[in-house]
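**Student:** Dumping the structure here so I can ask a few things about it.
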Amino acid sequence: MSFPWAEQYTPKHPLMQWVDEKLPVPRLVYNAVGAGYPVPRNLNYFWNFGVLAGLALMIQIVTGIIMAMHYGANDLVAFSTVEHTMRDVNAGWLMRYAHANGASFFFIVVYLHIFRGLYFGSYKAPREMVWLLGLVIFLLMMATAFMGYVLPWGQMSYWGAKVITGLFGAIPVVGEPIQTWLLGGFAPGNASLNRFFSLHFLLPFVIAGVIILHIWALHIPGSSNPTGVEVKGPQDTVPFHPYYTAKDGFGAGIFLIAFSILLFFAPNFLGHPDNYIEANPLSTPAHIVPEWYFWPFYAILRAFTVDFFFIPAKLLGVLAMFASILLLFFLPWLDTSPVRSGRYRPTFRKFWWILLADVAVLGYCGGAPAAEPFVMISQVAAAYYFAHFLIILPLISRFEKPLPLPGSITEAVLAKYGKTDGETVAVPAE
Amino acid sequence: MASVEHTDGTGLTGEDGVRRRDFINIAAVSFAGVGGVAVVLPLIDQMNPSADVLALASTEVDLSAIQPGQAIKTTFRSQPLFVRQLTPKEIAEADKVDPSTLRDPQTLEERTVDGKKQWLITMGVCTHLGCVPLGAGEGENRGEYGGYFCPCHGSSYDTAARIRKGPAPKNLEVPKFSFTSDTAILVG
Ligand code: HEM
Ligand code: FES
């Protein structure tokens with residue numbers, strides 16, 4: 001689980017020695033996020049987002065459990081209990097705004113975390129399992145956020161639930177029974193609200209469990225780094241504590257400042273005003289949109305407007321939307337280049353930027369009304385998204401001539417500061 | 001389990017060549033598997049609509065106040081229901097279309113009751129992803145084909161509430177209903 005030169009846990013206090021013999025939890029922590037975990041010395045700030053995602057999950061769990069104390073999962077009262085939380089409960093407004101904006105920040109850091117992985121090739125061997133587990137977490141987060149958004153039982157909650165469960169109705173033969181089964185009725189109602197609450201309460205803890213597996217899988221090869229060159233010796237690493245506890249702590253400070261600005265000065269900026277109108281099954285809002293973090297996928301869903309042979313457009317859209325995420329599970333085997341980091345892959349790097357722009361365009365179209373020119377733009381952007389992974393990436397891996405890699409992490413670090421390799425041998429890890 | 005050597009010299013192998021231990025092993029695990037499945041079934045089934053949801057009474061609708069060209073929006077099984085009296089012009093428009101050119105081929109006759117072709121009763125649930133289409137209310141956008149228009153992703157339905165344009169795959173659903181008198185229907 002670690003490099004041979006990792007610092008050893010040696011409790012001095014008799015009590016700690018006693019604990020270590022009976023249940024070595026302090027040892028586990030020391031080896032996982034303490035001085036016992038050697039980490040490449042050159043990680044940049046893009047390596048902060050994993051820890052920040054964990055922080056966001058903690059914020060969601062704490063504010064969520066508090067809100068659950070004041071919430072009534074019943075279609076007759078749900079909307080008013082959320083308003084009651086906002087107006088009457090002491091600091092209730094803070095809990096709810098922190099939870100709603102916390103979900104957005106959770107997705108912001110997770111998207112940055114994912115795009116970091118895409119740029120630096122973190123999904124490649126030997127870290128495929130880390131990537132796959134990350135995608136599982138992402139899917140669970142989406143399910144959690146979707147169900148959470150239904151709980152306040154506003155217009156967007158109701159119609160979002162209807163449209164998203166309607167996706168399952170697109171599946172031939174079994175689709176409608178599945179939709180009815182998911183909702184516990186023919187339309188979203190009390191049964192749906194109750195089960196969504198139950199699952200919304202459960203899933204964050206499942207996510208916490210999968211995060212443990214994600215980190216376990218990560219700690220087998222250890223973290224990658226911006227050069228993508230594997231650790232070769234003790235001079236390439238520093239102990240996690242205090243080096244990265246400090247760096248992550250600094251990042252957490254920046255994160256909390258940004259979070260507070262949104263939370264205290266524009267708490268409804270990312271929300272939709274229609275969700276302050278109570279759910280009404282007889283009136284559809286003029287423009288149904290999911291939360292911003294689902295927009296790219298929503299755009300792919302809506303990009304299909306004509307039937308293809310015997311497959312109806314509706315089913316195609318649903319398949320494409322799910323495929324756009326499932327595709328990422330195959331990424332470690334679609335990109336066959338032996339070079340990990342985008343730093344040494346000039347062509348790959350350009351297409352990474354194009355992909356980023358493409359997803360941003362999809363996101364914009366997903367939030368826009370279902371009219372031209374957005375439908376056409378979504379179609380082009382959705383096609384490009386799939387082409388990137390299925391055509392462009394395999395081809396680049398084949399034909400690109402990567403730049404020369406540094407001999408080691410230390411060599412790259414020293415080169416950056418104008419020193420030569422000759423001096424490194426004797427230099428210990430700081 | 002079953003792959004354990006048969007001739008292990010323990011004398012447990014019966015005359016038919018089946019080892020006693022393998023038989024018990026497979027039988028026990030299969031039985032536990034059946035039990036497991038039997039437990040999972042109710043766990044899944046509890047999520048289906050409960051008796052009170054299914055028992056929702058059928059809906060009676062009074063038609064007397066609906067003038068030709070008008071529609072009302074009511075509910076059936078907690079979903080919107082559209083009841084429209086078509087004008088002769090709207091009927092003619094619907095009949096003019098060759099059904100074989102439609103995405104979900106149906107004639108107006110097939111979608112209404114014999115001799116009461118002017119009464120178009122449909123669910124107000126877009127067959128795309130379930131929004132409530134516009135067009136039942138006074139002055140609402142009825143779309144290019146003069147029937148209903150779904151604002152969510154732009155599906156247009158014609159005067160027989162058949163899908164003509166946009167992503168929805170099917171015509172607006174016609175629920176089961178019958179006339180209880182000349183001016184009243186029972187849906188469901
Ligand atoms: C993965 C972590 C989580 C995410 C992404 C998440 C997301 C969301 C979202 C987007 C909403 C709707 C916010 C709004 O009102 O506009 C919500 C509501 C809610 N969540 Fe969570 N949540 C998470 C964890 C939790 C946990 C652990 C609980 C504890 C039981 C919880 C309890 C609630 C409650 C009671 C509501 C309804 C109140 C409200 O709508 O503001 N959540 N959640
Ligand atoms: S729900 Fe009506 S067009 Fe999509």
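The chains in the structure tokens are called A, B, ... from first to last as shown; in each chain the residues are counted from 1, and the ligands are counted from 1 in the order shown.
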For chain A against ligand 2, with a cut-off of 10 Å and counting only C-alpha atoms and all ligand atoms, what is the closest atom pair and its distance in Å to one decimal for every residue that makes the cut, ordered by chain and number, as JSON lines?
**Tutor:**
{"residue": "A:Trp159", "atom": "CA", "partner": "ligand 2", "partner_atom_place_in_ligand_line": "1 (S)", "distance": 9.7}
{"residue": "A:Lys162", "atom": "CA", "partner": "ligand 2", "partner_atom_place_in_ligand_line": "1 (S)", "distance": 9.2}
{"residue": "A:Val163", "atom": "CA", "partner": "ligand 2", "partner_atom_place_in_ligand_line": "1 (S)", "distance": 6.9}
{"residue": "A:Gly166", "atom": "CA", "partner": "ligand 2", "partner_atom_place_in_ligand_line": "1 (S)", "distance": 8.6}
{"residue": "A:Thr284", "atom": "CA", "partner": "ligand 2", "partner_atom_place_in_ligand_line": "1 (S)", "distance": 9.6}
{"residue": "A:Ile288", "atom": "CA", "partner": "ligand 2", "partner_atom_place_in_ligand_line": "1 (S)", "distance": 9.3}
{"residue": "A:Arg302", "atom": "CA", "partner": "ligand 2", "partner_atom_place_in_ligand_line": "4 (Fe)", "distance": 8.5}
{"residue": "A:Thr305", "atom": "CA", "partner": "ligand 2", "partner_atom_place_in_ligand_line": "3 (S)", "distance": 9.9}
{"residue": "A:Lys314", "atom": "CA", "partner": "ligand 2", "partner_atom_place_in_ligand_line": "4 (Fe)", "distance": 8.6}
{"residue": "A:Ala370", "atom": "CA", "partner": "ligand 2", "partner_atom_place_in_ligand_line": "3 (S)", "distance": 9.0}
**Student:** So that I can check the surroundings of range 151-162 of chain B, please list as a ChimeraX atom specification every protein, DNA and RNA residue that reaches within 7 Å of it, counting only C-alpha atoms and ignoring chain neighbours fewer than 3 positions away.
**Tutor:** /A:286-288,370 /B:90,94,108,131,133,143-148,165-168,171-172
**Student:** Check which residues of chain A sit at most 10 Å from chain B using only C-alpha atoms, and return one row each with the closest pair of atoms and their distance in Å to one decimal, ordered by chain and rising number, as CSV.
**Tutor:**
residue,atom,partner,partner_atom,distance
A:Trp159,CA,B:Cys131,CA,7.3
A:Gly160,CA,B:Cys131,CA,9.8
A:Lys162,CA,B:Gly130,CA,6.4
A:Val163,CA,B:Leu129,CA,5.0
A:Ile164,CA,B:Leu129,CA,7.6
A:Thr165,CA,B:Leu129,CA,8.2
A:Gly166,CA,B:Leu129,CA,4.8
A:Leu167,CA,B:Leu129,CA,6.5
A:Phe168,CA,B:Leu129,CA,9.3
A:Gly169,CA,B:Leu129,CA,8.0
A:Ala170,CA,B:His128,CA,8.2
A:Pro177,CA,B:Asn48,CA,8.8
A:Ile178,CA,B:Asn48,CA,9.0
A:Gln179,CA,B:Asn48,CA,9.6
A:Thr180,CA,B:Asn48,CA,6.7
A:Trp181,CA,B:Asn48,CA,4.5
A:Leu182,CA,B:Met47,CA,6.8
A:Leu183,CA,B:Met47,CA,7.7
A:Gly184,CA,B:Pro49,CA,4.2
A:Gly185,CA,B:Pro49,CA,4.7
A:Phe186,CA,B:Arg77,CA,7.3
A:Ala187,CA,B:Gln79,CA,6.7
A:Pro188,CA,B:Ser78,CA,9.2
A:Gly189,CA,B:Ser78,CA,8.7
A:Asn190,CA,B:Val53,CA,9.9
A:Ala191,CA,B:Pro49,CA,8.0
A:Ser192,CA,B:Met47,CA,9.0
A:Arg195,CA,B:Met47,CA,8.4
A:Pro281,CA,B:Gln79,CA,6.8
A:Leu282,CA,B:Pro80,CA,5.8
A:Ser283,CA,B:Val132,CA,6.4
A:Thr284,CA,B:Val132,CA,5.6
A:Pro285,CA,B:Cys152,CA,8.4
A:Ala286,CA,B:Pro151,CA,6.2
A:His287,CA,B:Cys152,CA,6.0
A:Ile288,CA,B:Cys152,CA,6.3
A:Val289,CA,B:Cys152,CA,9.0
A:Arg302,CA,B:His153,CA,7.5
A:Ala303,CA,B:Pro167,CA,9.8
A:Phe304,CA,B:Pro167,CA,7.6
A:Thr305,CA,B:Pro167,CA,5.1
A:Val306,CA,B:Pro167,CA,6.8
A:Asp307,CA,B:Pro167,CA,8.4
A:Ile311,CA,B:Pro169,CA,9.9
A:Pro312,CA,B:Pro169,CA,6.4
A:Ala313,CA,B:Pro167,CA,6.0
A:Lys314,CA,B:Pro167,CA,6.2
A:Leu315,CA,B:Pro169,CA,9.3
A:Gly317,CA,B:Pro167,CA,9.5
A:Pro369,CA,B:His153,CA,8.0
A:Ala370,CA,B:His153,CA,5.3
A:Ala371,CA,B:Gly154,CA,7.6
A:Val375,CA,B:His153,CA,9.8
**Student:** With only C-alpha atoms and all ligand atoms counted and 8 Å as the cut-off, give the residues of chain A in contact with ligand 1, each with its shortest interatomic distance in Å and the pair that gives it, as CSV.
**Tutor:**
residue,atom,partner,partner_atom_place_in_ligand_line,distance
A:Ala56,CA,ligand 1,2 (C),7.9
A:Leu57,CA,ligand 1,2 (C),5.4
A:Gln60,CA,ligand 1,24 (C),4.5
A:Ile61,CA,ligand 1,27 (C),3.5
A:Val62,CA,ligand 1,27 (C),6.7
A:Thr63,CA,ligand 1,28 (C),7.0
A:Gly64,CA,ligand 1,31 (C),3.3
A:Ile65,CA,ligand 1,29 (C),3.8
A:Ile66,CA,ligand 1,29 (C),7.1
A:Met67,CA,ligand 1,35 (C),4.6
A:Ala68,CA,ligand 1,35 (C),3.9
A:Met69,CA,ligand 1,35 (C),7.5
A:His70,CA,ligand 1,35 (C),7.6
A:Tyr71,CA,ligand 1,35 (C),5.6
A:Val82,CA,ligand 1,38 (C),5.7
A:Arg96,CA,ligand 1,41 (O),4.7
A:Tyr97,CA,ligand 1,41 (O),7.2
A:His99,CA,ligand 1,43 (N),6.2
A:Ala100,CA,ligand 1,13 (C),4.0
A:Asn101,CA,ligand 1,13 (C),7.7
A:Gly102,CA,ligand 1,5 (C),7.5
A:Ala103,CA,ligand 1,5 (C),4.5
A:Ser104,CA,ligand 1,10 (C),7.4
A:Phe106,CA,ligand 1,5 (C),6.7
A:Phe107,CA,ligand 1,5 (C),7.8
A:Leu140,CA,ligand 1,1 (C),7.7
A:Met141,CA,ligand 1,1 (C),5.3
A:Met142,CA,ligand 1,5 (C),7.2
A:Thr144,CA,ligand 1,4 (C),5.5
A:Ala145,CA,ligand 1,7 (C),4.1
A:Phe146,CA,ligand 1,10 (C),6.5
A:Met147,CA,ligand 1,8 (C),7.3
A:Gly148,CA,ligand 1,17 (C),3.6
A:Tyr149,CA,ligand 1,12 (C),3.7
A:Val150,CA,ligand 1,12 (C),6.8
A:Leu151,CA,ligand 1,37 (C),4.9
A:Pro152,CA,ligand 1,40 (O),4.1
A:Trp153,CA,ligand 1,40 (O),7.8
A:Phe197,CA,ligand 1,35 (C),7.2
A:His200,CA,ligand 1,42 (N),6.0
A:Phe201,CA,ligand 1,30 (C),3.9
A:Leu202,CA,ligand 1,27 (C),7.2
A:Leu203,CA,ligand 1,1 (C),6.9
A:Pro204,CA,ligand 1,1 (C),4.4
A:Phe205,CA,ligand 1,27 (C),7.0
A:Ile207,CA,ligand 1,1 (C),6.9
A:Gly271,CA,ligand 1,16 (O),6.6
A:Asn275,CA,ligand 1,16 (O),7.4
A:Glu291,CA,ligand 1,10 (C),7.8
**Student:** So which bits of range 75-112 of chain A end up helix (DSSP H, G or I) when you DSSP the backbone, as number ranges by chain?
**Tutor:** A: 78-87, 92-112
**Student:** Save out the residues we just selected, N, CA, C and O atoms, as a compact mmCIF listing (two decimals), in the first residue's frame.
**Tutor:**
# COMPACT_ATOMS: atom_id res chain seq x y z
N ALA A 78 -44.79 19.21 2.43
CA ALA A 78 -43.35 19.33 2.12
C ALA A 78 -42.97 20.77 1.79
O ALA A 78 -42.03 21.33 2.37
N PHE A 79 -43.72 21.39 0.89
CA PHE A 79 -43.38 22.75 0.46
C PHE A 79 -43.39 23.70 1.66
O PHE A 79 -42.47 24.48 1.86
N SER A 80 -44.42 23.58 2.48
CA SER A 80 -44.49 24.53 3.59
C SER A 80 -43.48 24.22 4.69
O SER A 80 -43.02 25.14 5.37
N THR A 81 -43.09 22.94 4.85
CA THR A 81 -42.06 22.71 5.87
C THR A 81 -40.71 23.27 5.42
O THR A 81 -39.92 23.72 6.26
N VAL A 82 -40.46 23.27 4.12
CA VAL A 82 -39.21 23.88 3.65
C VAL A 82 -39.27 25.39 3.87
O VAL A 82 -38.31 26.01 4.34
N GLU A 83 -40.42 25.99 3.59
CA GLU A 83 -40.57 27.43 3.84
C GLU A 83 -40.47 27.73 5.34
O GLU A 83 -39.90 28.74 5.76
N HIS A 84 -41.02 26.80 6.14
CA HIS A 84 -40.92 26.93 7.60
C HIS A 84 -39.46 26.89 8.03
O HIS A 84 -39.01 27.69 8.86
N THR A 85 -38.69 25.98 7.42
CA THR A 85 -37.26 25.92 7.72
C THR A 85 -36.61 27.26 7.39
O THR A 85 -35.79 27.79 8.15
N MET A 86 -37.01 27.84 6.27
CA MET A 86 -36.41 29.09 5.81
C MET A 86 -36.77 30.27 6.71
O MET A 86 -35.98 31.17 6.93
N ARG A 87 -38.03 30.29 7.19
CA ARG A 87 -38.51 31.50 7.86
C ARG A 87 -38.53 31.40 9.38
O ARG A 87 -38.29 32.39 10.07
N GLY A 92 -32.38 28.25 10.09
CA GLY A 92 -32.86 27.30 9.07
C GLY A 92 -32.51 27.78 7.66
O GLY A 92 -32.11 26.99 6.81
N TRP A 93 -32.63 29.10 7.45
CA TRP A 93 -32.30 29.64 6.12
C TRP A 93 -30.85 29.32 5.77
O TRP A 93 -30.54 29.00 4.64
N LEU A 94 -29.98 29.36 6.79
CA LEU A 94 -28.56 29.10 6.54
C LEU A 94 -28.36 27.64 6.15
O LEU A 94 -27.64 27.32 5.21
N MET A 95 -29.04 26.74 6.87
CA MET A 95 -28.90 25.32 6.58
C MET A 95 -29.36 25.03 5.15
O MET A 95 -28.72 24.32 4.40
N ARG A 96 -30.52 25.59 4.79
CA ARG A 96 -31.05 25.26 3.48
C ARG A 96 -30.22 25.87 2.37
O ARG A 96 -29.91 25.21 1.39
N TYR A 97 -29.86 27.14 2.52
CA TYR A 97 -29.04 27.76 1.48
C TYR A 97 -27.69 27.07 1.38
O TYR A 97 -27.14 26.89 0.30
N ALA A 98 -27.14 26.65 2.54
CA ALA A 98 -25.84 25.96 2.50
C ALA A 98 -26.00 24.62 1.80
O ALA A 98 -25.13 24.20 1.04
N HIS A 99 -27.13 23.97 2.01
CA HIS A 99 -27.34 22.65 1.40
C HIS A 99 -27.55 22.78 -0.11
O HIS A 99 -26.95 22.04 -0.90
N ALA A 100 -28.40 23.73 -0.51
CA ALA A 100 -28.69 23.88 -1.94
C ALA A 100 -27.43 24.35 -2.69
O ALA A 100 -27.08 23.80 -3.74
N ASN A 101 -26.74 25.35 -2.15
CA ASN A 101 -25.52 25.82 -2.81
C ASN A 101 -24.37 24.84 -2.61
O ASN A 101 -23.48 24.76 -3.46
N GLY A 102 -24.42 24.10 -1.50
CA GLY A 102 -23.40 23.08 -1.27
C GLY A 102 -23.45 22.02 -2.38
O GLY A 102 -22.41 21.54 -2.83
N ALA A 103 -24.67 21.68 -2.82
CA ALA A 103 -24.79 20.71 -3.91
C ALA A 103 -24.10 21.26 -5.16
O ALA A 103 -23.35 20.55 -5.83
N SER A 104 -24.32 22.55 -5.44
CA SER A 104 -23.66 23.14 -6.61
C SER A 104 -22.15 23.11 -6.48
O SER A 104 -21.43 22.77 -7.42
N PHE A 105 -21.65 23.47 -5.29
CA PHE A 105 -20.20 23.47 -5.10
C PHE A 105 -19.63 22.07 -5.18
O PHE A 105 -18.53 21.86 -5.67
N PHE A 106 -20.39 21.12 -4.69
CA PHE A 106 -19.98 19.72 -4.78
C PHE A 106 -19.75 19.37 -6.26
O PHE A 106 -18.71 18.81 -6.63
N PHE A 107 -20.71 19.73 -7.10
CA PHE A 107 -20.55 19.42 -8.52
C PHE A 107 -19.42 20.23 -9.16
O PHE A 107 -18.69 19.71 -10.00
N ILE A 108 -19.26 21.49 -8.75
CA ILE A 108 -18.16 22.28 -9.33
C ILE A 108 -16.83 21.58 -9.06
O ILE A 108 -16.05 21.34 -9.98
N VAL A 109 -16.60 21.20 -7.79
CA VAL A 109 -15.29 20.60 -7.50
C VAL A 109 -15.16 19.22 -8.13
O VAL A 109 -14.08 18.85 -8.59
N VAL A 110 -16.27 18.49 -8.23
CA VAL A 110 -16.16 17.17 -8.84
C VAL A 110 -15.90 17.29 -10.34
O VAL A 110 -15.11 16.53 -10.91
N TYR A 111 -16.53 18.26 -11.00
CA TYR A 111 -16.24 18.45 -12.43
C TYR A 111 -14.78 18.85 -12.63
O TYR A 111 -14.11 18.35 -13.55
N LEU A 112 -14.25 19.71 -11.78
CA LEU A 112 -12.83 20.08 -11.90
C LEU A 112 -11.94 18.85 -11.66
O LEU A 112 -10.95 18.64 -12.36
**Student:** Range 7-210 of chain A: which residues are strand (DSSP E or B) by DSSP, as a list in words?
**Tutor:**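 Here is the list: Pro38, Val39, Pro40 and Gly154 of chain A.
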